[in-house]
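Engineer: Okay, handing you the structure first.
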Amino acid sequence: MNLPNNSQIPLKKNFMRSILLVIVQDGIEIFCFCPWSFIDLVSTTSGFRKRYGFVYVDRTDTVCLENRHRKDSFYWSQGVIRSNGKVL
């Protein structure tokens, strides 16, 4: 099961395009890119409603939080990595 979080994809895409721009135009060497979070973090300022991350964690699961589901941004990022940035 994958979960929609399409609002995060344009943000990630714009950020990664900006990184690519400084590499190509300014010759800046980027040696690491770390997205905010692989597994869901919650936003306390939004009453825990907003979740950020590539993987949804079912926090109601009492068995070691085993229910994890990949979001759309997980698959989008996977495609970017596999294409070495060509699908940006």
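Each chain in the structure tokens gets a letter, A, B and so on, in the order shown; residues start at 1 in every chain, and ligands are counted from 1 in the order they appear.
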Just the residues within 12 Å of Pro10 of chain A, please, counting only C-alpha atoms, with nothing from its chain fewer than 3 positions along; format it as a PyMOL selection string.

Structural biologist: chain A and resi 5-7+13-17+72-73+76-77+88

Engineer: With N, CA, C and O atoms retained, write the just-selected residues as a PDB file, in the first residue's frame.

Structural biologist:
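And here's out27.pdb as it stands now:
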ATOM      1  N   ASN A   5       1.002  11.659  -0.678  1.00  0.00           N
ATOM      2  CA  ASN A   5       1.496  12.867  -0.019  1.00  0.00           C
ATOM      3  C   ASN A   5       2.093  13.761  -1.109  1.00  0.00           C
ATOM      4  O   ASN A   5       3.191  14.247  -1.016  1.00  0.00           O
ATOM      5  N   ASN A   6       1.285  13.955  -2.139  1.00  0.00           N
ATOM      6  CA  ASN A   6       1.741  14.671  -3.330  1.00  0.00           C
ATOM      7  C   ASN A   6       2.172  16.100  -3.056  1.00  0.00           C
ATOM      8  O   ASN A   6       2.931  16.671  -3.820  1.00  0.00           O
ATOM      9  N   SER A   7       1.717  16.693  -1.966  1.00  0.00           N
ATOM     10  CA  SER A   7       2.133  18.066  -1.674  1.00  0.00           C
ATOM     11  C   SER A   7       3.615  18.134  -1.334  1.00  0.00           C
ATOM     12  O   SER A   7       4.239  19.186  -1.484  1.00  0.00           O
ATOM     13  N   LYS A  13      11.144  18.335  -5.089  1.00  0.00           N
ATOM     14  CA  LYS A  13      11.631  18.531  -6.458  1.00  0.00           C
ATOM     15  C   LYS A  13      12.287  19.906  -6.602  1.00  0.00           C
ATOM     16  O   LYS A  13      13.385  20.018  -7.157  1.00  0.00           O
ATOM     17  N   ASN A  14      11.649  20.946  -6.100  1.00  0.00           N
ATOM     18  CA  ASN A  14      12.221  22.292  -6.198  1.00  0.00           C
ATOM     19  C   ASN A  14      13.538  22.395  -5.437  1.00  0.00           C
ATOM     20  O   ASN A  14      14.476  23.031  -5.900  1.00  0.00           O
ATOM     21  N   PHE A  15      13.591  21.772  -4.279  1.00  0.00           N
ATOM     22  CA  PHE A  15      14.821  21.802  -3.498  1.00  0.00           C
ATOM     23  C   PHE A  15      15.951  21.094  -4.243  1.00  0.00           C
ATOM     24  O   PHE A  15      17.067  21.605  -4.350  1.00  0.00           O
ATOM     25  N   MET A  16      15.656  19.929  -4.798  1.00  0.00           N
ATOM     26  CA  MET A  16      16.683  19.171  -5.509  1.00  0.00           C
ATOM     27  C   MET A  16      17.097  19.861  -6.811  1.00  0.00           C
ATOM     28  O   MET A  16      18.267  19.804  -7.199  1.00  0.00           O
ATOM     29  N   ARG A  17      16.168  20.521  -7.473  1.00  0.00           N
ATOM     30  CA  ARG A  17      16.528  21.289  -8.673  1.00  0.00           C
ATOM     31  C   ARG A  17      17.458  22.448  -8.313  1.00  0.00           C
ATOM     32  O   ARG A  17      18.363  22.786  -9.076  1.00  0.00           O
ATOM     33  N   ASP A  72       3.797   8.254  -1.611  1.00  0.00           N
ATOM     34  CA  ASP A  72       4.119   8.571  -3.005  1.00  0.00           C
ATOM     35  C   ASP A  72       5.496   9.211  -3.132  1.00  0.00           C
ATOM     36  O   ASP A  72       6.222   8.947  -4.091  1.00  0.00           O
ATOM     37  N   SER A  73       5.864  10.059  -2.184  1.00  0.00           N
ATOM     38  CA  SER A  73       7.172  10.715  -2.264  1.00  0.00           C
ATOM     39  C   SER A  73       8.316   9.717  -2.120  1.00  0.00           C
ATOM     40  O   SER A  73       9.417   9.957  -2.628  1.00  0.00           O
ATOM     41  N   TRP A  76       8.668   8.479  -5.680  1.00  0.00           N
ATOM     42  CA  TRP A  76       9.213   9.552  -6.512  1.00  0.00           C
ATOM     43  C   TRP A  76      10.712   9.694  -6.252  1.00  0.00           C
ATOM     44  O   TRP A  76      11.511   9.747  -7.187  1.00  0.00           O
ATOM     45  N   SER A  77      11.104   9.737  -4.980  1.00  0.00           N
ATOM     46  CA  SER A  77      12.526   9.870  -4.635  1.00  0.00           C
ATOM     47  C   SER A  77      13.332   8.674  -5.122  1.00  0.00           C
ATOM     48  O   SER A  77      14.459   8.823  -5.586  1.00  0.00           O
ATOM     49  N   LEU A  88      14.385  14.772 -12.726  1.00  0.00           N
ATOM     50  CA  LEU A  88      14.030  16.032 -12.095  1.00  0.00           C
ATOM     51  C   LEU A  88      13.464  16.975 -13.125  1.00  0.00           C
ATOM     52  O   LEU A  88      12.729  17.829 -12.909  1.00  0.00           O
TER      53      LEU A  88
END

Engineer: Provide the atom CA of Lys71 of chain A to atom CA of Phe54 of chain A distance in Å, to one decimal place.

Structural biologist: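 So the two atoms, atom CA of Lys71 of chain A and atom CA of Phe54 of chain A, lie 5.5 Å apart.
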
Engineer: Using only C-alpha atoms for the distances, tell me which of A:Phe31, A:Arg51, A:Pro4, A:Ser83 is nearest to Arg70 of chain A.

Structural biologist: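 Once distances to Arg70 of chain A are computed over only C-alpha atoms, the minimum belongs to A:Pro4.
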